[in-house]
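**Q** Before anything else, here's the structure in question.
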Amino acid sequence: MNPRVKKVTPLNGQYLQLEFTNNECRKFDVGPYFEMGVFSELKEKKVFNTVRVFNGTVVWDNELDFCPDTLYLESERQRFPKNQ
């Protein structure tokens with residue numbers, strides 16, 4: 001089983017900075033999903049920025065979410081300052 005999300009920060013209206021339960025920091029590009037059905041709602045920065053962690057994954061106020069495995073496997077490992 002892949003690690004789960006414990007912290008999320010929206011970046012530039014298209015990326016998510018993620019911290020996982022294994023303490024890895026990763027960056028996930030949501031942009032490729034903007035043209036896929038209901039995910040087009042996330043193009044609106046106001047909607048995109050409502051992202052939060054729930055049950056080990058991320059969700060938005062409009063009830064969209066991603067599988068935590070997708071977030072982990074399709075994200076890039078990053079080095080973020082500890083205070084973020």
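We name chains A, B, ... following the order of the structure tokens; residues begin at 1 in each chain, and ligands are numbered from 1 as shown.
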As number ranges by chain, which residues of chain A does DSSP assign to strand (DSSP E or B)?
**A** A: 5-11, 15-20, 25-29, 52-54, 57-59, 65, 76-78
**Q** Can you write out the residues you just picked, keeping C-alpha atoms, as a compact mmCIF listing (two decimals), in the first residue's frame?
**A**
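And here's part-v6.txt as it stands now:
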# COMPACT_ATOMS: atom_id res chain seq x y z
CA VAL A 5 -1.70 12.29 2.26
CA LYS A 6 -1.34 14.14 5.56
CA LYS A 7 -0.97 17.73 4.28
CA VAL A 8 -1.89 19.58 1.07
CA THR A 9 -1.16 23.06 -0.20
CA PRO A 10 -2.51 24.39 -3.53
CA LEU A 11 0.14 25.98 -5.78
CA TYR A 15 -0.36 21.95 -8.66
CA LEU A 16 -0.70 20.41 -5.24
CA GLN A 17 2.13 20.28 -2.76
CA LEU A 18 1.59 17.07 -0.85
CA GLU A 19 3.11 15.67 2.31
CA PHE A 20 2.59 11.95 2.76
CA CYS A 25 6.96 15.83 -0.06
CA ARG A 26 5.66 15.55 -3.59
CA LYS A 27 4.16 17.79 -6.28
CA PHE A 28 1.07 16.64 -8.20
CA ASP A 29 -0.01 18.30 -11.46
CA ARG A 52 -8.08 19.85 1.94
CA VAL A 53 -7.00 16.48 3.33
CA PHE A 54 -9.70 13.96 4.18
CA THR A 57 -6.45 11.83 0.25
CA VAL A 58 -7.45 15.27 -1.02
CA VAL A 59 -10.97 16.58 -1.55
CA ASP A 65 -11.33 13.86 -4.93
CA GLU A 76 7.11 14.06 -8.37
CA ARG A 77 9.25 13.97 -5.27
CA GLN A 78 10.19 17.46 -4.09
**Q** In Å, rounded to a single decimal, give me how far atom CA of A:Pro68 is from atom CA of A:Asn55.
**A**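 Result for atom CA of A:Asn55 versus atom CA of A:Pro68: 9.3 Å, one decimal.
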**Q** Please extract the residues of stretch 12-60 of chain A with a backbone DSSP assignment of alpha helix (DSSP H) and present them as a list in words.
**A**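 Reading the DSSP output for stretch 12-60 of chain A, alpha helix (DSSP H) covers Lys45, Lys46, Val47 and Phe48 of chain A.
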**Q** Find the residues near stretch 36-38 of chain A: any atom within 12 Å, counting only C-alpha atoms, skip ones fewer than 2 places away on the same chain, and give them as a list of chain:residue names.
**A**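 So the residues in contact are A:Val30, A:Gly31, A:Pro32, A:Tyr33, A:Phe34, A:Ser40, A:Glu41, A:Leu42, A:Lys43, A:Trp60, A:Asn62, A:Glu63, A:Leu64, A:Asp65.
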**Q** For atom CA of A:Tyr72 and atom CA of A:Gln14, determine how far apart the two atoms are, in Å to one decimal place.
**A**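 We find that atom CA of A:Tyr72 and atom CA of A:Gln14 lie 16.3 Å from each other.
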**Q** Pick out the closest residue to A:Phe48 from this set: A:Thr21, A:Thr70, A:Asn12, A:Ser75. Count only C-alpha atoms.
**A**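 Answer, going by the shortest atom-to-atom distance: A:Asn12.
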**Q** Atom CA of A:Glu74 and atom CA of A:Asn22, how far apart in Å?
**A** 16.1 Å
